[in-house]
Amino acid sequence: MAPRYAPSLRSRLAPLLLFLQIGFIVIYAFYTEIDSNVKADGTTFSSFYSEFQDVNVMVILGFGFLCTFLVRYGFSGSGFNLLVAVIATQWALILNGTESWYYRGKIRIHLRSIVVAEMCAASALISIGTMVGKTNPVQLILIALLEVSGFVLNEWLLQTLLKVRPLSSIMLLHIFGAFSGLMLTWILYRERSMQRFEKEKYDRKTALFSMLGTVFLWMFWPSFNSVLLDNRIPGRRLGAVCSTYLALAVSAVTAAAVSVLSNPKGKLNLIQMQSCILAGGVAVGVSMAGIHQPWEAMTIGFAAAVVSTIGFRYLKIHMLLAFQCHDTCAVLSTHGLPGLLGWVAQLVLQIKDCDDHTTAIRFAVFHISTLLITISVSLSTGIITGFLLKWNFWRPPQDKKCFDDQAFWEFPHLAVRK
């Protein structure tokens, strides 16, 4: 008779974690150094450290609590998020420092490089949002390593081929993560998804914890969008903070209104709202270079909330029925659609500021090429990752064991008494 829950992780998870961590330690021992003299953007250590902590809180607490909305997946939602985030950040630091290692012989680590690495890790966490509850921790770690590698490759292509500014390429993490995750969940589709998994549900307590994650993300998103901006340009970072806050405020109000209008009973849906009130921050982050006035940020936040809320209500089920994409955390509505909207907004705003048609056409071609490369690399990364994880060698959880902490975590109070 088959075991009730998954067998011990001792032979799979522990060797992988030890192998990766010892490998990272060896690489860091020979090829990295702390760079304490980095003040390229005119920012002092104390001020940048506070913003670094804001990003840290978003990645660890924000994304962690956000994934705890499932009734029996709270331990895994928060615990695996921390595990994946720290591994992905260490890996991203190595990949981002490859150029420095090639020219200088060392990978230089400082607060700014750690922030960039955490943003790369965030792209992997977004992709993993589509697969929450349907994978084991070994698969999650492999997804993180491959997704971060794909995202860093996309950055390098954009900065090398199109001379895209580093910040603009990094802020495409929402689009990259969403489309890569969709391709991943399409390849790893389970037939049980059509009937809805038995344990794929939420209650008042788990929804409250998940809302706490949304609050963390909402509060610190202005720092996420502005932390990498050059502080030597007067007012640029302040403008980004104000624009992001206004967009988030408008998207929160709009998401509540549209949630009520789209609900058959005319009531608020907490899970829908907590995913959609962040849409303004996503859209403004992608379109930051083209925003110059407060009303522009507010308009983008309004449109992003409408698109995200309607997408959550109707697009999630249609993606499942039409394309067999079971998006657990509605990543397409939370990150993908607002990210695309922000891309369109930046295109319109930048063309509006162009002096002649030739410049406008050149920018449009450049901007469209940026999106095409990003989507191509993200889809390719999702395809490669999906086919790699499709092997039964990784021993994915059975359908009845999906969305259940007991498959991976110890619960002494539920032990069988002899």
# chains A, B, ... in the order shown; residues from 1 in each chain; ligands from 1
>>> select_by_dssp(residues="stretch 18-258 of chain A", states="alpha helix (DSSP H)", output="number ranges by chain")
A: 18-31, 45-57, 63-66, 74-96, 98-104, 111-129, 137-161, 166-170, 173-187, 204-226, 236-258
>>> residues_around(residues="A:Lys106", least_positions_apart="4", cutoff="8 Å", atoms="only C-alpha atoms", output="PyMOL selection string")
chain A and resi 31-33+100-102
>>> residues_around(residues="stretch 365-373 of chain A", least_positions_apart="5", cutoff="8 Å", atoms="only C-alpha atoms", output="number ranges by chain")
A: 154, 158, 162, 347
>>> residues_around(residues="stretch 249-264 of chain A", least_positions_apart="6", cutoff="12 Å", atoms="only C-alpha atoms", output="ChimeraX atom specification")
/A:214-215,218-219,221-222,242-243,270-284,294-314,334,338
>>> atom_distance(atom1="atom CA of A:Thr185", atom2="atom CA of A:Phe387")
10.8 Å
>>> residues_around(residues="A:Leu142", least_positions_apart="4", cutoff="9 Å", atoms="only C-alpha atoms", output="mmCIF file with N, CA, C and O atoms, in the first residue's frame")
data_model
loop_
_atom_site.group_PDB
_atom_site.id
_atom_site.type_symbol
_atom_site.label_atom_id
_atom_site.label_comp_id
_atom_site.auth_asym_id
_atom_site.auth_seq_id
_atom_site.Cartn_x
_atom_site.Cartn_y
_atom_site.Cartn_z
ATOM 1 N N PRO A 137 10.053 20.808 -2.857
ATOM 2 C CA PRO A 137 11.108 21.830 -2.690
ATOM 3 C C PRO A 137 12.298 21.650 -3.616
ATOM 4 O O PRO A 137 12.943 22.636 -3.991
ATOM 5 N N VAL A 138 12.613 20.416 -3.994
ATOM 6 C CA VAL A 138 13.719 20.202 -4.928
ATOM 7 C C VAL A 138 13.397 20.853 -6.268
ATOM 8 O O VAL A 138 14.248 21.535 -6.871
ATOM 9 N N LEU A 146 17.263 28.089 -12.543
ATOM 10 C CA LEU A 146 17.118 28.254 -13.990
ATOM 11 C C LEU A 146 16.464 29.584 -14.341
ATOM 12 O O LEU A 146 16.843 30.241 -15.322
ATOM 13 N N GLU A 147 15.467 29.997 -13.553
ATOM 14 C CA GLU A 147 14.784 31.262 -13.834
ATOM 15 C C GLU A 147 15.721 32.448 -13.627
ATOM 16 O O GLU A 147 15.717 33.402 -14.419
ATOM 17 N N THR A 385 12.865 24.828 -18.448
ATOM 18 C CA THR A 385 12.638 24.435 -17.056
ATOM 19 C C THR A 385 11.507 23.427 -16.951
ATOM 20 O O THR A 385 11.595 22.436 -16.209
ATOM 21 N N LEU A 389 11.762 19.558 -15.522
ATOM 22 C CA LEU A 389 11.040 19.132 -14.324
ATOM 23 C C LEU A 389 9.956 18.106 -14.618
ATOM 24 O O LEU A 389 9.352 17.563 -13.692
#
>>> closest_atom_pairs(of="stretch 139-220 of chain A", to="stretch 316-325 of chain A", cutoff="10 Å", atoms="only C-alpha atoms", output="CSV")
residue,atom,partner,partner_atom,distance
A:Gly181,CA,A:Cys325,CA,9.5
A:Leu182,CA,A:Cys325,CA,6.5
A:Met183,CA,A:Cys325,CA,7.9
A:Leu184,CA,A:Cys325,CA,8.6
A:Thr185,CA,A:Cys325,CA,5.6
A:Trp186,CA,A:Cys325,CA,4.7
A:Ile187,CA,A:Cys325,CA,8.3
A:Leu188,CA,A:Cys325,CA,8.8
A:Tyr189,CA,A:Gln324,CA,6.5
A:Arg190,CA,A:Gln324,CA,8.5
A:Glu191,CA,A:Gln324,CA,8.7
A:Ser193,CA,A:Leu320,CA,7.9
A:Met194,CA,A:Leu320,CA,7.4
>>> write_last_selection(atoms="C-alpha atoms", output="JSON list (two decimals), in the first residue's frame")
[["chain", "number", "residue", "atom", "x", "y", "z"],
["A", 181, "GLY", "CA", 5.75, 30.94, -15.07],
["A", 182, "LEU", "CA", 2.81, 30.55, -17.46],
["A", 183, "MET", "CA", 4.90, 28.44, -19.82],
["A", 184, "LEU", "CA", 6.06, 26.41, -16.85],
["A", 185, "THR", "CA", 2.54, 25.67, -15.59],
["A", 186, "TRP", "CA", 1.39, 24.87, -19.13],
["A", 187, "ILE", "CA", 4.06, 22.19, -19.57],
["A", 188, "LEU", "CA", 3.55, 20.78, -16.05],
["A", 189, "TYR", "CA", -0.25, 20.81, -16.35],
["A", 190, "ARG", "CA", -2.17, 18.28, -14.25],
["A", 191, "GLU", "CA", -5.51, 16.83, -15.38],
["A", 193, "SER", "CA", -6.72, 21.04, -12.32],
["A", 194, "MET", "CA", -10.00, 21.03, -14.26]]
>>> residues_around(residues="stretch 226-232 of chain A", least_positions_apart="6", cutoff="10 Å", atoms="only C-alpha atoms", output="list in words")
Ala40, Asp41, Gly42, Thr43, Thr44, Phe48, Ser50, Glu51, Phe52, Asp54, Val55, Arg112, Ser113, Val115, Val116, Pro166, Leu167, Ile170, Leu238, Gly239, Ala240, Val241, Cys242, Ser243, Thr244, Gly285 and Met288 of chain A
>>> closest_residue(among="A:Ile384, A:Ile109, A:Ile291, A:Ile233", to="A:Ala247", atoms="only C-alpha atoms")
A:Ile291
>>> residues_around(residues="A:Leu140", least_positions_apart="3", cutoff="12 Å", atoms="only C-alpha atoms", output="number ranges by chain")
A: 13, 16-17, 76-77, 79-85, 87-88, 124-137, 143-147, 181, 184, 385-386, 389, 394, 396
>>> decode(residues="stretch 325-364 of chain A", atoms="N, CA and C atoms", output="PDB file, in the first residue's frame")
ATOM      1  N   CYS A 325      -3.495  26.231 -18.466  1.00  0.00           N
ATOM      2  CA  CYS A 325      -2.526  26.909 -17.601  1.00  0.00           C
ATOM      3  C   CYS A 325      -3.160  27.131 -16.237  1.00  0.00           C
ATOM      4  N   HIS A 326      -2.751  26.339 -15.256  1.00  0.00           N
ATOM      5  CA  HIS A 326      -3.306  26.459 -13.907  1.00  0.00           C
ATOM      6  C   HIS A 326      -2.414  27.387 -13.089  1.00  0.00           C
ATOM      7  N   ASP A 327      -2.768  28.651 -13.062  1.00  0.00           N
ATOM      8  CA  ASP A 327      -1.987  29.706 -12.407  1.00  0.00           C
ATOM      9  C   ASP A 327      -2.459  29.855 -10.964  1.00  0.00           C
ATOM     10  N   THR A 328      -1.757  29.235 -10.031  1.00  0.00           N
ATOM     11  CA  THR A 328      -2.212  29.195  -8.639  1.00  0.00           C
ATOM     12  C   THR A 328      -2.400  30.581  -8.045  1.00  0.00           C
ATOM     13  N   CYS A 329      -1.420  31.444  -8.176  1.00  0.00           N
ATOM     14  CA  CYS A 329      -1.443  32.769  -7.545  1.00  0.00           C
ATOM     15  C   CYS A 329      -1.883  33.880  -8.493  1.00  0.00           C
ATOM     16  N   ALA A 330      -2.483  33.529  -9.630  1.00  0.00           N
ATOM     17  CA  ALA A 330      -2.936  34.530 -10.603  1.00  0.00           C
ATOM     18  C   ALA A 330      -1.819  35.502 -10.945  1.00  0.00           C
ATOM     19  N   VAL A 331      -0.645  34.954 -11.245  1.00  0.00           N
ATOM     20  CA  VAL A 331       0.535  35.763 -11.558  1.00  0.00           C
ATOM     21  C   VAL A 331       0.321  36.607 -12.811  1.00  0.00           C
ATOM     22  N   LEU A 332      -0.402  36.062 -13.793  1.00  0.00           N
ATOM     23  CA  LEU A 332      -0.648  36.821 -15.015  1.00  0.00           C
ATOM     24  C   LEU A 332      -1.402  38.106 -14.718  1.00  0.00           C
ATOM     25  N   SER A 333      -2.389  38.041 -13.837  1.00  0.00           N
ATOM     26  CA  SER A 333      -3.173  39.232 -13.496  1.00  0.00           C
ATOM     27  C   SER A 333      -2.424  40.175 -12.572  1.00  0.00           C
ATOM     28  N   THR A 334      -1.608  39.629 -11.678  1.00  0.00           N
ATOM     29  CA  THR A 334      -0.909  40.450 -10.691  1.00  0.00           C
ATOM     30  C   THR A 334       0.336  41.119 -11.257  1.00  0.00           C
ATOM     31  N   HIS A 335       1.080  40.409 -12.091  1.00  0.00           N
ATOM     32  CA  HIS A 335       2.349  40.923 -12.604  1.00  0.00           C
ATOM     33  C   HIS A 335       2.374  41.063 -14.123  1.00  0.00           C
ATOM     34  N   GLY A 336       1.849  40.081 -14.837  1.00  0.00           N
ATOM     35  CA  GLY A 336       1.951  40.078 -16.288  1.00  0.00           C
ATOM     36  C   GLY A 336       1.196  41.201 -16.963  1.00  0.00           C
ATOM     37  N   LEU A 337      -0.119  41.286 -16.720  1.00  0.00           N
ATOM     38  CA  LEU A 337      -0.930  42.323 -17.366  1.00  0.00           C
ATOM     39  C   LEU A 337      -0.535  43.731 -16.929  1.00  0.00           C
ATOM     40  N   PRO A 338      -0.356  44.011 -15.626  1.00  0.00           N
ATOM     41  CA  PRO A 338       0.111  45.351 -15.249  1.00  0.00           C
ATOM     42  C   PRO A 338       1.487  45.681 -15.827  1.00  0.00           C
ATOM     43  N   GLY A 339       2.372  44.676 -15.920  1.00  0.00           N
ATOM     44  CA  GLY A 339       3.677  44.917 -16.509  1.00  0.00           C
ATOM     45  C   GLY A 339       3.575  45.300 -17.975  1.00  0.00           C
ATOM     46  N   LEU A 340       2.721  44.607 -18.718  1.00  0.00           N
ATOM     47  CA  LEU A 340       2.505  44.952 -20.128  1.00  0.00           C
ATOM     48  C   LEU A 340       1.864  46.331 -20.268  1.00  0.00           C
ATOM     49  N   LEU A 341       0.948  46.638 -19.366  1.00  0.00           N
ATOM     50  CA  LEU A 341       0.323  47.965 -19.390  1.00  0.00           C
ATOM     51  C   LEU A 341       1.362  49.050 -19.137  1.00  0.00           C
ATOM     52  N   GLY A 342       2.263  48.811 -18.172  1.00  0.00           N
ATOM     53  CA  GLY A 342       3.327  49.767 -17.913  1.00  0.00           C
ATOM     54  C   GLY A 342       4.246  49.942 -19.108  1.00  0.00           C
ATOM     55  N   TRP A 343       4.504  48.843 -19.821  1.00  0.00           N
ATOM     56  CA  TRP A 343       5.328  48.920 -21.033  1.00  0.00           C
ATOM     57  C   TRP A 343       4.644  49.780 -22.091  1.00  0.00           C
ATOM     58  N   VAL A 344       3.343  49.596 -22.282  1.00  0.00           N
ATOM     59  CA  VAL A 344       2.595  50.403 -23.254  1.00  0.00           C
ATOM     60  C   VAL A 344       2.576  51.867 -22.823  1.00  0.00           C
ATOM     61  N   ALA A 345       2.390  52.107 -21.517  1.00  0.00           N
ATOM     62  CA  ALA A 345       2.350  53.480 -21.009  1.00  0.00           C
ATOM     63  C   ALA A 345       3.687  54.188 -21.251  1.00  0.00           C
ATOM     64  N   GLN A 346       4.793  53.489 -21.008  1.00  0.00           N
ATOM     65  CA  GLN A 346       6.096  54.097 -21.258  1.00  0.00           C
ATOM     66  C   GLN A 346       6.278  54.412 -22.739  1.00  0.00           C
ATOM     67  N   LEU A 347       5.828  53.523 -23.605  1.00  0.00           N
ATOM     68  CA  LEU A 347       5.933  53.752 -25.050  1.00  0.00           C
ATOM     69  C   LEU A 347       5.165  55.011 -25.449  1.00  0.00           C
ATOM     70  N   VAL A 348       3.940  55.149 -24.948  1.00  0.00           N
ATOM     71  CA  VAL A 348       3.099  56.302 -25.296  1.00  0.00           C
ATOM     72  C   VAL A 348       3.695  57.594 -24.743  1.00  0.00           C
ATOM     73  N   LEU A 349       4.129  57.560 -23.477  1.00  0.00           N
ATOM     74  CA  LEU A 349       4.656  58.770 -22.845  1.00  0.00           C
ATOM     75  C   LEU A 349       5.973  59.221 -23.483  1.00  0.00           C
ATOM     76  N   GLN A 350       6.822  58.280 -23.828  1.00  0.00           N
ATOM     77  CA  GLN A 350       8.096  58.640 -24.441  1.00  0.00           C
ATOM     78  C   GLN A 350       7.892  59.179 -25.851  1.00  0.00           C
ATOM     79  N   ILE A 351       6.978  58.573 -26.619  1.00  0.00           N
ATOM     80  CA  ILE A 351       6.689  59.078 -27.966  1.00  0.00           C
ATOM     81  C   ILE A 351       6.096  60.479 -27.897  1.00  0.00           C
ATOM     82  N   LYS A 352       5.270  60.713 -26.884  1.00  0.00           N
ATOM     83  CA  LYS A 352       4.661  62.033 -26.703  1.00  0.00           C
ATOM     84  C   LYS A 352       5.724  63.114 -26.492  1.00  0.00           C
ATOM     85  N   ASP A 353       6.820  62.754 -25.860  1.00  0.00           N
ATOM     86  CA  ASP A 353       7.878  63.726 -25.568  1.00  0.00           C
ATOM     87  C   ASP A 353       8.887  63.870 -26.699  1.00  0.00           C
ATOM     88  N   CYS A 354       8.770  63.025 -27.738  1.00  0.00           N
ATOM     89  CA  CYS A 354       9.731  63.110 -28.856  1.00  0.00           C
ATOM     90  C   CYS A 354       9.482  64.369 -29.694  1.00  0.00           C
ATOM     91  N   ASP A 355      10.557  64.946 -30.214  1.00  0.00           N
ATOM     92  CA  ASP A 355      10.457  66.194 -30.976  1.00  0.00           C
ATOM     93  C   ASP A 355      10.070  65.968 -32.435  1.00  0.00           C
ATOM     94  N   ASP A 356      10.434  64.829 -32.997  1.00  0.00           N
ATOM     95  CA  ASP A 356      10.123  64.581 -34.405  1.00  0.00           C
ATOM     96  C   ASP A 356       9.720  63.124 -34.596  1.00  0.00           C
ATOM     97  N   HIS A 357       9.165  62.850 -35.773  1.00  0.00           N
ATOM     98  CA  HIS A 357       8.644  61.512 -36.061  1.00  0.00           C
ATOM     99  C   HIS A 357       9.760  60.479 -36.162  1.00  0.00           C
ATOM    100  N   THR A 358      10.904  60.860 -36.678  1.00  0.00           N
ATOM    101  CA  THR A 358      12.009  59.907 -36.831  1.00  0.00           C
ATOM    102  C   THR A 358      12.456  59.376 -35.475  1.00  0.00           C
ATOM    103  N   THR A 359      12.610  60.281 -34.523  1.00  0.00           N
ATOM    104  CA  THR A 359      13.007  59.867 -33.170  1.00  0.00           C
ATOM    105  C   THR A 359      11.948  58.978 -32.544  1.00  0.00           C
ATOM    106  N   ALA A 360      10.677  59.330 -32.768  1.00  0.00           N
ATOM    107  CA  ALA A 360       9.582  58.543 -32.213  1.00  0.00           C
ATOM    108  C   ALA A 360       9.566  57.128 -32.788  1.00  0.00           C
ATOM    109  N   ILE A 361       9.775  57.014 -34.082  1.00  0.00           N
ATOM    110  CA  ILE A 361       9.774  55.697 -34.722  1.00  0.00           C
ATOM    111  C   ILE A 361      10.949  54.860 -34.229  1.00  0.00           C
ATOM    112  N   ARG A 362      12.110  55.494 -34.107  1.00  0.00           N
ATOM    113  CA  ARG A 362      13.280  54.761 -33.610  1.00  0.00           C
ATOM    114  C   ARG A 362      13.058  54.260 -32.190  1.00  0.00           C
ATOM    115  N   PHE A 363      12.479  55.099 -31.356  1.00  0.00           N
ATOM    116  CA  PHE A 363      12.224  54.667 -29.984  1.00  0.00           C
ATOM    117  C   PHE A 363      11.195  53.544 -29.955  1.00  0.00           C
ATOM    118  N   ALA A 364      10.157  53.632 -30.778  1.00  0.00           N
ATOM    119  CA  ALA A 364       9.131  52.586 -30.814  1.00  0.00           C
ATOM    120  C   ALA A 364       9.740  51.240 -31.211  1.00  0.00           C
TER     121      ALA A 364
END
